[in-house]
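Undergrad: As input, take data_9.cif (mmCIF, C-alpha atoms):
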data_target
loop_
_atom_site.label_atom_id
_atom_site.label_comp_id
_atom_site.auth_asym_id
_atom_site.auth_seq_id
_atom_site.Cartn_x
_atom_site.Cartn_y
_atom_site.Cartn_z
CA MET A 1 -8.50 -46.38 -13.90
CA LEU A 2 -5.95 -44.88 -11.54
CA ALA A 3 -2.65 -44.36 -13.19
CA PHE A 4 -0.13 -43.65 -10.46
CA ASN A 5 3.18 -43.06 -12.05
CA LEU A 6 5.41 -41.86 -9.25
CA PHE A 7 9.04 -42.43 -10.09
CA ALA A 8 9.05 -43.62 -13.67
CA THR A 9 12.03 -42.48 -15.72
CA GLU A 10 9.76 -40.72 -18.16
CA GLY A 11 6.95 -38.92 -16.34
CA GLY A 12 5.86 -39.34 -12.74
CA LEU A 13 4.78 -37.06 -9.94
CA PHE A 14 8.32 -36.06 -9.06
CA ASP A 15 9.55 -35.59 -12.58
CA ILE A 16 11.79 -32.57 -12.30
CA ASN A 17 13.03 -31.17 -15.60
CA ALA A 18 13.48 -27.89 -17.45
CA THR A 19 9.98 -26.87 -16.41
CA LEU A 20 11.52 -25.72 -13.14
CA PRO A 21 13.96 -23.02 -14.40
CA LEU A 22 11.54 -21.90 -17.10
CA MET A 23 8.76 -21.52 -14.52
CA ALA A 24 11.14 -19.57 -12.29
CA ILE A 25 11.95 -17.22 -15.17
CA GLN A 26 8.26 -16.91 -15.92
CA VAL A 27 7.53 -15.92 -12.30
CA VAL A 28 10.34 -13.34 -12.32
CA VAL A 29 8.97 -11.87 -15.55
CA LEU A 30 5.50 -11.89 -14.01
CA THR A 31 6.88 -10.02 -10.99
CA TYR A 32 8.19 -7.24 -13.23
CA LEU A 33 4.95 -7.17 -15.25
CA LEU A 34 2.76 -7.01 -12.15
CA ASN A 35 5.03 -4.40 -10.60
CA SER A 36 4.61 -2.05 -13.54
CA LEU A 37 0.97 -2.93 -14.30
CA PHE A 38 -0.44 -3.36 -10.82
CA PHE A 39 1.68 -2.53 -7.78
CA LYS A 40 3.13 0.78 -8.96
CA PRO A 41 -0.03 2.40 -10.43
CA VAL A 42 -2.39 1.18 -7.72
CA GLY A 43 0.14 2.08 -5.04
CA LYS A 44 0.46 5.57 -6.46
CA VAL A 45 -3.29 6.14 -6.41
CA VAL A 46 -3.82 4.59 -2.97
CA GLU A 47 -0.92 6.44 -1.41
CA LYS A 48 -1.96 9.70 -3.02
CA ARG A 49 -5.41 9.26 -1.54
CA GLU A 50 -3.99 8.31 1.85
CA GLU A 51 -1.83 11.43 1.74
CA TYR A 52 -4.86 13.51 0.77
CA VAL A 53 -6.96 12.05 3.58
CA LYS A 54 -4.13 12.53 6.06
CA ASN A 55 -3.66 16.14 5.01
CA ASN A 56 -7.37 16.78 5.26
CA ILE A 57 -7.50 15.25 8.72
CA THR A 58 -4.56 17.36 9.85
CA ALA A 59 -6.14 20.48 8.40
CA ALA A 60 -9.45 19.66 10.03
CA LYS A 61 -7.70 19.03 13.34
CA ASN A 62 -5.90 22.35 13.06
CA LYS A 63 -9.15 24.10 12.30
CA LEU A 64 -10.86 22.37 15.19
CA ALA A 65 -8.05 23.46 17.51
CA GLU A 66 -8.40 27.00 16.21
CA VAL A 67 -12.15 26.92 16.74
CA GLU A 68 -11.67 25.62 20.26
CA LYS A 69 -9.15 28.34 20.96
CA LEU A 70 -11.50 31.00 19.63
CA GLU A 71 -14.35 29.54 21.61
CA ALA A 72 -12.29 29.57 24.79
CA ASP A 73 -11.25 33.12 24.01
CA LEU A 74 -14.85 34.19 23.52
CA LEU A 75 -15.94 32.42 26.68
CA ASN A 76 -13.15 34.16 28.53
CA GLN A 77 -14.23 37.52 27.18
CA LEU A 78 -17.83 36.75 28.02
CA GLN A 79 -16.82 35.82 31.54
CA LYS A 80 -14.86 39.01 31.90
CA ALA A 81 -17.71 41.10 30.55
CA ARG A 82 -20.12 39.38 32.93
CA SER A 83 -17.95 39.94 35.97
CA GLU A 84 -17.41 43.53 34.89
CA ALA A 85 -21.14 44.03 34.54
CA VAL A 86 -21.69 42.54 37.97
CA LYS A 87 -19.03 44.88 39.32
CA ILE A 88 -20.61 47.91 37.69
CA VAL A 89 -24.06 46.97 38.96
CA ASN A 90 -22.65 46.49 42.45
CA GLU A 91 -20.90 49.82 42.31
CA ALA A 92 -24.03 51.54 41.12
CA GLU A 93 -26.01 49.90 43.86
CA GLN A 94 -23.47 50.96 46.43
CA ASP A 95 -23.47 54.48 45.02
CA SER A 96 -27.23 54.77 45.11
CA GLU A 97 -27.25 53.30 48.59
CA LYS A 98 -24.70 55.86 49.62
CA LEU A 99 -26.66 58.69 48.03
CA TYR A 100 -29.84 57.49 49.68
CA GLN A 101 -28.13 57.24 53.03
CA GLU A 102 -26.65 60.68 52.58
CA ALA A 103 -30.01 62.14 51.64
CA ILE A 104 -31.64 60.50 54.64
CA ASP A 105 -28.87 61.65 56.94
CA LEU A 106 -29.14 65.14 55.60
CA ALA A 107 -32.89 65.16 56.06
CA ASN A 108 -32.56 63.72 59.54
CA ASN A 109 -29.97 66.29 60.48
CA GLU A 110 -32.09 69.09 59.16
CA ALA A 111 -35.11 67.80 60.95
CA ASN A 112 -33.14 67.41 64.16
CA ALA A 113 -31.69 70.89 63.80
CA SER A 114 -35.06 72.51 63.22
CA LYS A 115 -36.50 70.47 66.07
CA GLU A 116 -33.71 71.69 68.34
CA LYS A 117 -34.23 75.22 67.17
CA ALA A 118 -37.91 75.01 67.83
CA ARG A 119 -37.27 73.51 71.23
CA LEU A 120 -34.83 76.30 72.12
CA GLU A 121 -37.28 78.91 70.94
CA ILE A 122 -40.02 77.33 72.94
CA GLU A 123 -37.77 77.26 75.95
CA ASN A 124 -36.81 80.90 75.44
CA GLN A 125 -40.36 81.95 75.04
CA THR A 126 -41.37 79.89 78.03
CA SER A 127 -38.67 81.43 80.21
CA SER A 128 -39.42 84.95 78.99
CA ALA A 129 -43.09 84.35 79.54
CA ARG A 130 -42.33 83.05 83.02
CA LYS A 131 -40.15 86.05 83.70
CA GLN A 132 -42.85 88.36 82.53
CA LEU A 133 -45.41 86.50 84.59
CA SER A 134 -43.30 86.64 87.68
CA GLN A 135 -42.67 90.34 87.02
CA GLN A 136 -46.37 90.95 86.75
CA ALA A 137 -46.95 88.89 89.85
CA ASP A 138 -44.38 91.01 91.64
CA ASP A 139 -45.95 94.19 90.36
CA LEU A 140 -49.37 92.98 91.38
CA SER A 141 -48.24 91.92 94.78
CA GLU A 142 -46.53 95.30 95.23
CA LEU A 143 -49.68 97.00 94.17
CA ILE A 144 -51.75 94.97 96.59
CA VAL A 145 -49.28 95.68 99.37
CA ASN A 146 -49.33 99.41 98.57
CA ARG A 147 -53.11 99.52 98.56
CA LEU A 148 -53.34 97.71 101.80
CA ILE A 149 -50.90 100.12 103.36
CA GLN A 150 -52.80 103.10 102.06
CA GLN A 151 -56.08 101.87 103.53
CA LYS A 152 -54.70 101.68 106.93
CA MET B 1 3.23 -48.92 -11.06
CA ASN B 2 1.39 -48.18 -14.22
CA LEU B 3 -1.95 -49.95 -14.02
CA ASN B 4 -3.25 -48.14 -17.05
CA PHE B 5 -3.05 -51.14 -19.33
CA LEU B 6 -5.62 -52.95 -17.18
CA PHE B 7 -8.33 -50.35 -17.37
CA THR B 8 -7.70 -48.51 -20.61
CA ASN B 9 -11.40 -48.16 -21.30
CA PHE B 10 -12.09 -46.49 -17.95
CA ALA B 11 -9.16 -44.16 -17.99
CA GLU B 12 -10.62 -41.34 -15.95
CA LEU B 13 -7.83 -40.28 -13.71
CA GLU B 14 -4.22 -39.78 -14.57
CA VAL B 15 -1.52 -38.87 -12.10
CA GLY B 16 2.07 -38.32 -13.05
CA GLN B 17 1.30 -38.18 -16.76
CA HIS B 18 2.64 -35.17 -18.57
CA LEU B 19 2.33 -33.53 -21.93
CA TYR B 20 5.96 -33.33 -22.96
CA TRP B 21 7.28 -30.54 -25.10
CA GLN B 22 10.76 -30.98 -26.50
CA ILE B 23 12.83 -27.80 -26.70
CA GLY B 24 16.25 -28.59 -28.11
CA LYS B 25 17.68 -31.16 -25.74
CA VAL B 26 15.42 -30.48 -22.78
CA SER B 27 11.82 -31.40 -22.27
CA ILE B 28 9.21 -29.49 -20.30
CA HIS B 29 5.73 -30.16 -19.00
CA GLY B 30 3.52 -28.50 -21.56
CA GLN B 31 0.27 -28.75 -19.60
CA VAL B 32 1.76 -26.68 -16.75
CA PHE B 33 2.72 -23.88 -19.11
CA LEU B 34 -0.57 -24.01 -21.00
CA THR B 35 -2.68 -23.58 -17.87
CA SER B 36 -0.32 -21.00 -16.35
CA TRP B 37 -0.41 -18.92 -19.55
CA ILE B 38 -4.19 -19.01 -19.67
CA LEU B 39 -4.54 -18.12 -15.97
CA LEU B 40 -1.81 -15.48 -15.91
CA GLY B 41 -3.18 -14.02 -19.13
CA ALA B 42 -6.59 -13.74 -17.49
CA LEU B 43 -4.98 -12.18 -14.42
CA LEU B 44 -3.09 -9.63 -16.52
CA VAL B 45 -6.21 -8.76 -18.54
CA PHE B 46 -8.17 -8.37 -15.31
CA ILE B 47 -5.51 -6.10 -13.85
CA SER B 48 -5.14 -4.05 -17.03
CA LEU B 49 -8.91 -3.51 -17.12
CA GLY B 50 -8.94 -2.51 -13.47
CA THR B 51 -6.04 -0.05 -13.73
CA LYS B 52 -6.99 1.41 -17.10
CA LYS B 53 -8.80 4.40 -15.71
CA MET B 54 -7.57 5.06 -12.21
CA GLU B 55 -9.63 7.59 -10.33
CA ASN B 56 -9.36 9.18 -6.95
CA ASP B 57 -12.88 7.92 -6.30
CA PRO B 58 -12.45 4.20 -6.96
CA LYS B 59 -15.21 2.38 -8.80
CA GLY B 60 -15.85 -1.26 -9.66
CA LEU B 61 -12.72 -3.21 -10.53
CA GLN B 62 -10.41 -0.52 -9.21
CA ASN B 63 -11.98 -0.99 -5.79
CA LEU B 64 -11.23 -4.69 -5.87
CA LEU B 65 -7.66 -4.13 -7.03
CA GLU B 66 -7.08 -1.53 -4.35
CA PHE B 67 -8.42 -3.92 -1.75
CA LEU B 68 -6.03 -6.56 -3.06
CA TRP B 69 -3.14 -4.11 -3.03
CA ASP B 70 -3.94 -3.09 0.53
CA TYR B 71 -4.18 -6.71 1.60
CA ILE B 72 -0.79 -7.52 0.09
CA ARG B 73 0.77 -4.42 1.59
CA ASP B 74 -0.51 -5.34 5.04
CA LEU B 75 0.84 -8.85 4.60
CA ALA B 76 4.27 -7.60 3.49
CA ARG B 77 4.40 -4.85 6.09
CA THR B 78 3.55 -7.04 9.07
CA GLN B 79 6.02 -9.74 8.10
CA ILE B 80 8.93 -7.75 6.64
CA GLY B 81 8.71 -4.59 8.68
CA GLU B 82 8.21 -0.92 7.94
CA LYS B 83 11.74 -0.32 6.64
CA VAL B 84 12.10 -2.49 3.55
CA TYR B 85 8.63 -3.94 2.87
CA ARG B 86 8.26 -1.59 -0.08
CA ASP B 87 11.07 -3.31 -2.00
CA TRP B 88 9.59 -6.75 -1.52
CA MET B 89 5.89 -6.04 -1.84
CA PRO B 90 5.75 -6.72 -5.61
CA PHE B 91 7.50 -10.07 -5.17
CA ILE B 92 5.32 -11.16 -2.25
CA GLY B 93 2.24 -9.95 -4.10
CA THR B 94 3.23 -11.80 -7.25
CA LEU B 95 3.77 -15.01 -5.28
CA PHE B 96 0.38 -14.62 -3.65
CA LEU B 97 -1.41 -13.81 -6.89
CA PHE B 98 0.37 -16.53 -8.87
CA VAL B 99 -0.36 -19.23 -6.29
CA PHE B 100 -3.89 -18.03 -5.70
CA VAL B 101 -4.79 -17.75 -9.38
CA SER B 102 -3.16 -21.11 -10.10
CA ASN B 103 -4.93 -22.89 -7.24
CA TRP B 104 -8.33 -21.41 -7.89
CA GLY B 105 -8.01 -21.65 -11.63
CA GLY B 106 -7.10 -25.29 -11.27
CA ALA B 107 -10.07 -25.92 -9.00
CA LEU B 108 -12.73 -23.81 -10.72
CA ILE B 109 -12.17 -24.31 -14.44
CA PRO B 110 -13.32 -27.67 -15.83
CA TRP B 111 -10.01 -28.41 -17.55
CA ARG B 112 -10.93 -32.04 -17.97
CA LEU B 113 -13.21 -31.11 -20.85
CA ILE B 114 -10.12 -30.25 -22.88
CA LYS B 115 -8.49 -33.49 -24.08
CA LEU B 116 -4.73 -33.59 -24.37
CA PRO B 117 -2.74 -36.30 -26.14
CA SER B 118 -1.04 -37.09 -22.82
CA GLY B 119 -1.56 -35.91 -19.25
CA GLU B 120 -4.26 -33.41 -18.38
CA LEU B 121 -4.60 -29.74 -17.63
CA GLY B 122 -4.83 -28.68 -14.00
CA ALA B 123 -3.49 -26.28 -11.43
CA PRO B 124 0.10 -25.33 -12.33
CA THR B 125 0.86 -25.52 -8.60
CA ALA B 126 0.04 -29.25 -8.61
CA ASP B 127 3.31 -29.77 -10.48
CA ILE B 128 6.41 -30.16 -8.32
CA ASN B 129 8.49 -28.11 -10.78
CA THR B 130 6.36 -25.03 -10.27
CA THR B 131 6.41 -25.18 -6.50
CA ILE B 132 10.16 -25.85 -6.34
CA ALA B 133 10.73 -22.93 -8.71
CA LEU B 134 8.69 -20.66 -6.43
CA ALA B 135 10.39 -21.95 -3.28
CA LEU B 136 13.88 -21.49 -4.76
CA LEU B 137 12.98 -17.95 -5.79
CA VAL B 138 11.97 -17.32 -2.16
CA SER B 139 15.31 -18.73 -0.97
CA LEU B 140 17.26 -16.55 -3.37
CA SER B 141 15.17 -13.56 -2.31
CA TYR B 142 15.81 -13.86 1.37
CA PHE B 143 19.52 -14.37 0.84
CA TYR B 144 19.59 -11.34 -1.43
CA ALA B 145 17.47 -9.33 1.01
CA GLY B 146 19.73 -10.19 3.94
CA LEU B 147 22.98 -9.58 2.06
CA SER B 148 21.88 -6.35 0.40
CA ASN B 149 20.51 -4.93 3.64
CA LYS B 150 23.17 -5.98 6.11
CA GLY B 151 26.15 -7.03 3.99
CA TRP B 152 28.29 -9.71 5.59
CA ARG B 153 26.63 -9.01 8.89
CA TYR B 154 23.78 -11.10 7.51
CA PHE B 155 25.68 -14.20 8.62
CA GLU B 156 25.48 -13.07 12.23
CA TYR B 157 21.97 -14.42 11.95
CA TYR B 158 23.44 -17.93 11.84
CA VAL B 159 25.08 -17.61 15.22
CA HIS B 160 22.28 -15.72 16.82
CA PRO B 161 21.63 -15.97 19.74
CA THR B 162 24.39 -18.56 20.29
CA PRO B 163 26.82 -20.33 17.93
CA ILE B 164 25.14 -23.61 18.90
CA MET B 165 22.39 -22.60 16.50
CA LEU B 166 24.73 -22.67 13.49
CA PRO B 167 23.98 -26.23 12.26
CA PHE B 168 20.25 -25.73 12.74
CA LYS B 169 20.24 -22.44 10.91
CA ILE B 170 22.17 -24.00 8.02
CA LEU B 171 19.73 -26.89 7.98
CA GLU B 172 16.89 -24.38 7.90
CA ASP B 173 18.15 -22.98 4.60
CA PHE B 174 17.40 -26.40 3.11
CA THR B 175 14.20 -27.17 4.96
CA LYS B 176 12.62 -23.81 4.13
CA PRO B 177 12.40 -24.34 0.33
CA LEU B 178 11.68 -28.01 0.82
CA SER B 179 8.73 -27.41 3.14
CA LEU B 180 7.46 -24.47 1.08
CA SER B 181 7.43 -26.44 -2.16
CA PHE B 182 6.12 -29.72 -0.80
CA ARG B 183 3.40 -28.11 1.30
CA LEU B 184 1.95 -26.32 -1.69
CA PHE B 185 2.45 -29.21 -4.10
CA GLY B 186 1.00 -31.76 -1.69
CA ASN B 187 -2.04 -29.74 -0.74
CA ILE B 188 -3.05 -28.86 -4.27
CA LEU B 189 -2.34 -32.28 -5.72
CA ALA B 190 -4.18 -33.98 -2.85
CA ASP B 191 -7.14 -31.71 -3.35
CA GLU B 192 -7.24 -32.43 -7.08
CA LEU B 193 -6.93 -36.15 -6.42
CA VAL B 194 -9.67 -36.23 -3.79
CA VAL B 195 -12.05 -34.33 -6.04
CA SER B 196 -11.17 -36.53 -9.04
CA VAL B 197 -11.60 -39.77 -7.13
CA LEU B 198 -14.90 -38.61 -5.64
CA VAL B 199 -16.18 -37.46 -9.01
CA PHE B 200 -15.11 -40.81 -10.42
CA LEU B 201 -16.85 -42.79 -7.68
CA VAL B 202 -19.95 -40.64 -6.96
CA PRO B 203 -20.50 -38.25 -9.83
CA LEU B 204 -23.39 -36.42 -8.14
CA VAL B 205 -23.65 -33.93 -5.25
CA LEU B 206 -21.09 -35.57 -2.94
CA PRO B 207 -17.99 -33.98 -4.48
CA ILE B 208 -19.43 -30.46 -4.10
CA PRO B 209 -18.59 -29.90 -0.39
CA VAL B 210 -15.14 -31.33 -1.05
CA MET B 211 -14.77 -28.89 -3.93
CA PHE B 212 -15.63 -26.01 -1.58
CA LEU B 213 -13.14 -27.34 0.92
CA GLY B 214 -10.64 -27.43 -1.94
CA LEU B 215 -11.30 -23.76 -2.75
CA PHE B 216 -10.77 -22.90 0.90
CA THR B 217 -7.51 -24.87 1.08
CA SER B 218 -6.34 -23.28 -2.16
CA ALA B 219 -6.84 -19.77 -0.84
CA ILE B 220 -5.23 -20.66 2.50
CA GLN B 221 -2.22 -22.20 0.73
CA ALA B 222 -1.70 -19.04 -1.30
CA LEU B 223 -1.84 -16.98 1.88
CA ILE B 224 0.52 -19.36 3.70
CA PHE B 225 3.03 -19.35 0.86
CA ALA B 226 3.10 -15.57 0.58
CA THR B 227 3.16 -15.08 4.36
CA LEU B 228 6.03 -17.52 4.85
CA ALA B 229 8.01 -15.99 2.00
CA ALA B 230 7.53 -12.56 3.55
CA TYR B 231 8.42 -13.93 6.97
CA TYR B 232 11.68 -15.44 5.69
CA ILE B 233 12.63 -12.16 4.05
CA GLY B 234 11.68 -10.30 7.20
CA GLU B 235 13.81 -12.67 9.27
CA ALA B 236 16.78 -12.03 6.96
CA VAL B 237 16.57 -8.24 7.12
CA GLU B 238 15.72 -8.03 10.83
CA GLU B 239 18.30 -6.32 13.02
CA HIS B 240 19.18 -8.20 16.18
CA HIS B 241 20.63 -6.27 19.16
#
Show me, as structure tokens, the structure contained in the file I just sent.

TA:
Amino acid sequence: MLAFNLFATEGGLFDINATLPLMAIQVVVLTYLLNSLFFKPVGKVVEKREEYVKNNITAAKNKLAEVEKLEADLLNQLQKARSEAVKIVNEAEQDSEKLYQEAIDLANNEANASKEKARLEIENQTSSARKQLSQQADDLSELIVNRLIQQK
Amino acid sequence: MNLNFLFTNFAELEVGQHLYWQIGKVSIHGQVFLTSWILLGALLVFISLGTKKMENDPKGLQNLLEFLWDYIRDLARTQIGEKVYRDWMPFIGTLFLFVFVSNWGGALIPWRLIKLPSGELGAPTADINTTIALALLVSLSYFYAGLSNKGWRYFEYYVHPTPIMLPFKILEDFTKPLSLSFRLFGNILADELVVSVLVFLVPLVLPIPVMFLGLFTSAIQALIFATLAAYYIGEAVEEHH
């Protein structure tokens, strides 16, 4: 049934013999075989791919950085253009305001001047008319006085 | 301790029986080499098929092999360190693959169906010779790694951090291969024995969970062996200061 043969001279679980060095040689040979059949070729392919992926990632990162730079640049330009536009619009508004004010002032001045002129003229005419009237009144009174004197 | 003569008709389970091959004056365990040649042959065929047409876009077997390669590289890199893991990756990977293929091959293939004149086929790692051979190779490797990387300064490791450690570090050089070899040998042999005894006692259903447990242990043992080997090499090449 169960044949336990532990330390028998021939055979046994712990029977150490030439199997040991031969197995060691076999494993060393296997190491060289696997190195040339498996580790080297697979390593080459895997590392080539890793290199490729790494390069692509770096290139993509560079491109992304470039895109971000360009975007920032464009945004900057846009900002500048916007503020310039605002400035121009403000200037134009101020200009038109100024022109409007000037036109109004001019018109006001003109109106005031002509009003003044008219007033002066009216005053002149009034005073001359008064003078004339008083002259006539004087003449009339003199005439009346003369007539009264003559009647007597 | 041979009880075989009592139960010759029920001879189901044999432990410590070997198929001896005589080469000149020395004898070797034939069943160990037979199974290891079959399993390693299968492994090499598998790898040759997978690496036959390597593409940048991996397909099928190449995917699996690349996964394996990556796994082994991670193992070697974390234990040995960035600087020299490249030199030792094939050795660590071979240890892992050899132990893994041996363990799983021993557990999965119904070797018992093949009758041998003496002994029986099984996992090559259930033979103490195989595991001692692997463990001694690991010992040689870490000595070589330490000496080739640091020269005589390697022996500073023995008095690091204090000279009190010297006897323990020397003792470690003996316990490392001993524990490596006996851990693997014991686990795989115990697994085979448990499954065999269970199959012998209850031939239906019951051994199946134990077989799954055995597959799990086998994989873990391969990982442990490779990880420890890498760790010992890493310890030898590590720079203190």

Undergrad: With distances taken over all atoms listed in the file, which residue among A:Arg82, A:Lys44, A:Arg49, A:Lys131 lies nearest chain B?

TA: A:Arg49

Undergrad: Can you list, as an mmCIF file with C-alpha atoms, in the frame of the given file, the residues that the PyMOL selection byres ((chain B and resi 103) around 8) selects here?

TA:
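Saved file result-v3.cif follows:
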data_model
loop_
_atom_site.group_PDB
_atom_site.id
_atom_site.type_symbol
_atom_site.label_atom_id
_atom_site.label_comp_id
_atom_site.auth_asym_id
_atom_site.auth_seq_id
_atom_site.Cartn_x
_atom_site.Cartn_y
_atom_site.Cartn_z
ATOM 1 C CA VAL B 99 -0.360 -19.230 -6.290
ATOM 2 C CA PHE B 100 -3.890 -18.030 -5.700
ATOM 3 C CA VAL B 101 -4.790 -17.750 -9.380
ATOM 4 C CA SER B 102 -3.160 -21.110 -10.100
ATOM 5 C CA TRP B 104 -8.330 -21.410 -7.890
ATOM 6 C CA GLY B 105 -8.010 -21.650 -11.630
ATOM 7 C CA GLY B 106 -7.100 -25.290 -11.270
ATOM 8 C CA ALA B 107 -10.070 -25.920 -9.000
ATOM 9 C CA ALA B 123 -3.490 -26.280 -11.430
ATOM 10 C CA PRO B 124 0.100 -25.330 -12.330
ATOM 11 C CA THR B 125 0.860 -25.520 -8.600
ATOM 12 C CA ILE B 188 -3.050 -28.860 -4.270
ATOM 13 C CA LEU B 215 -11.300 -23.760 -2.750
ATOM 14 C CA SER B 218 -6.340 -23.280 -2.160
ATOM 15 C CA ALA B 219 -6.840 -19.770 -0.840
ATOM 16 C CA ALA B 222 -1.700 -19.040 -1.300
#

Undergrad: Using the chain letters and numbering of this document, enumerate as JSON, numbers by chain the residues selected by the PyMOL selection byres ((chain B and resi 89) around 9).

TA: {"A": [35, 39], "B": [72, 73, 75, 76, 77, 84, 85, 86, 87, 88, 90, 91, 92, 93, 94, 230]}

Undergrad: For Trp21 in chain B, list every protein, DNA or RNA residue within 10 Å, evaluated using only C-alpha atoms, and leave out those in the same chain fewer than 3 positions away; present the list as a list in words.

TA: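 Once the nearby chain positions are removed, what remains is Thr19 of chain A; His18, Gly24, Val26, Ser27, Ile28, His29, Gly30 and Gln31 of chain B.
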
Undergrad: Just C-alpha atoms for this one: save the residues we selected as a CSV table (one decimal), in the frame of the given file.

TA:
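Output contents, as saved in part_33.csv:
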chain,number,residue,atom,x,y,z
A,19,THR,CA,10.0,-26.9,-16.4
B,18,HIS,CA,2.6,-35.2,-18.6
B,24,GLY,CA,16.2,-28.6,-28.1
B,26,VAL,CA,15.4,-30.5,-22.8
B,27,SER,CA,11.8,-31.4,-22.3
B,28,ILE,CA,9.2,-29.5,-20.3
B,29,HIS,CA,5.7,-30.2,-19.0
B,30,GLY,CA,3.5,-28.5,-21.6
B,31,GLN,CA,0.3,-28.8,-19.6

Undergrad: Given the choices B:Glu239, B:Glu156, B:Glu192, B:Asp70, which gets closest to chain A if the distance is worked out from all atoms listed in the file?

TA: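 That would be B:Asp70, the residue with the smallest distance to chain A.
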
Undergrad: Translate the PyMOL selection byres ((chain B and resi 130-137) around 7) into a concrete residue list for this structure, as a list in words.

TA: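 Matching residues under the PyMOL selection byres ((chain B and resi 130-137) around 7) are Leu20, Pro21, Met23 and Ala24 of chain A; Pro124, Thr125, Asp127, Ile128, Asn129, Val138, Ser139, Leu140, Ser141, Pro177, Leu180, Ser181, Leu184 and Phe185 of chain B.
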
Undergrad: Rounded to one decimal place, report the CA of Pro58 in chain B-CA of Val42 in chain A distance in Å.

TA: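 Distance between the two atoms: 10.5 Å.
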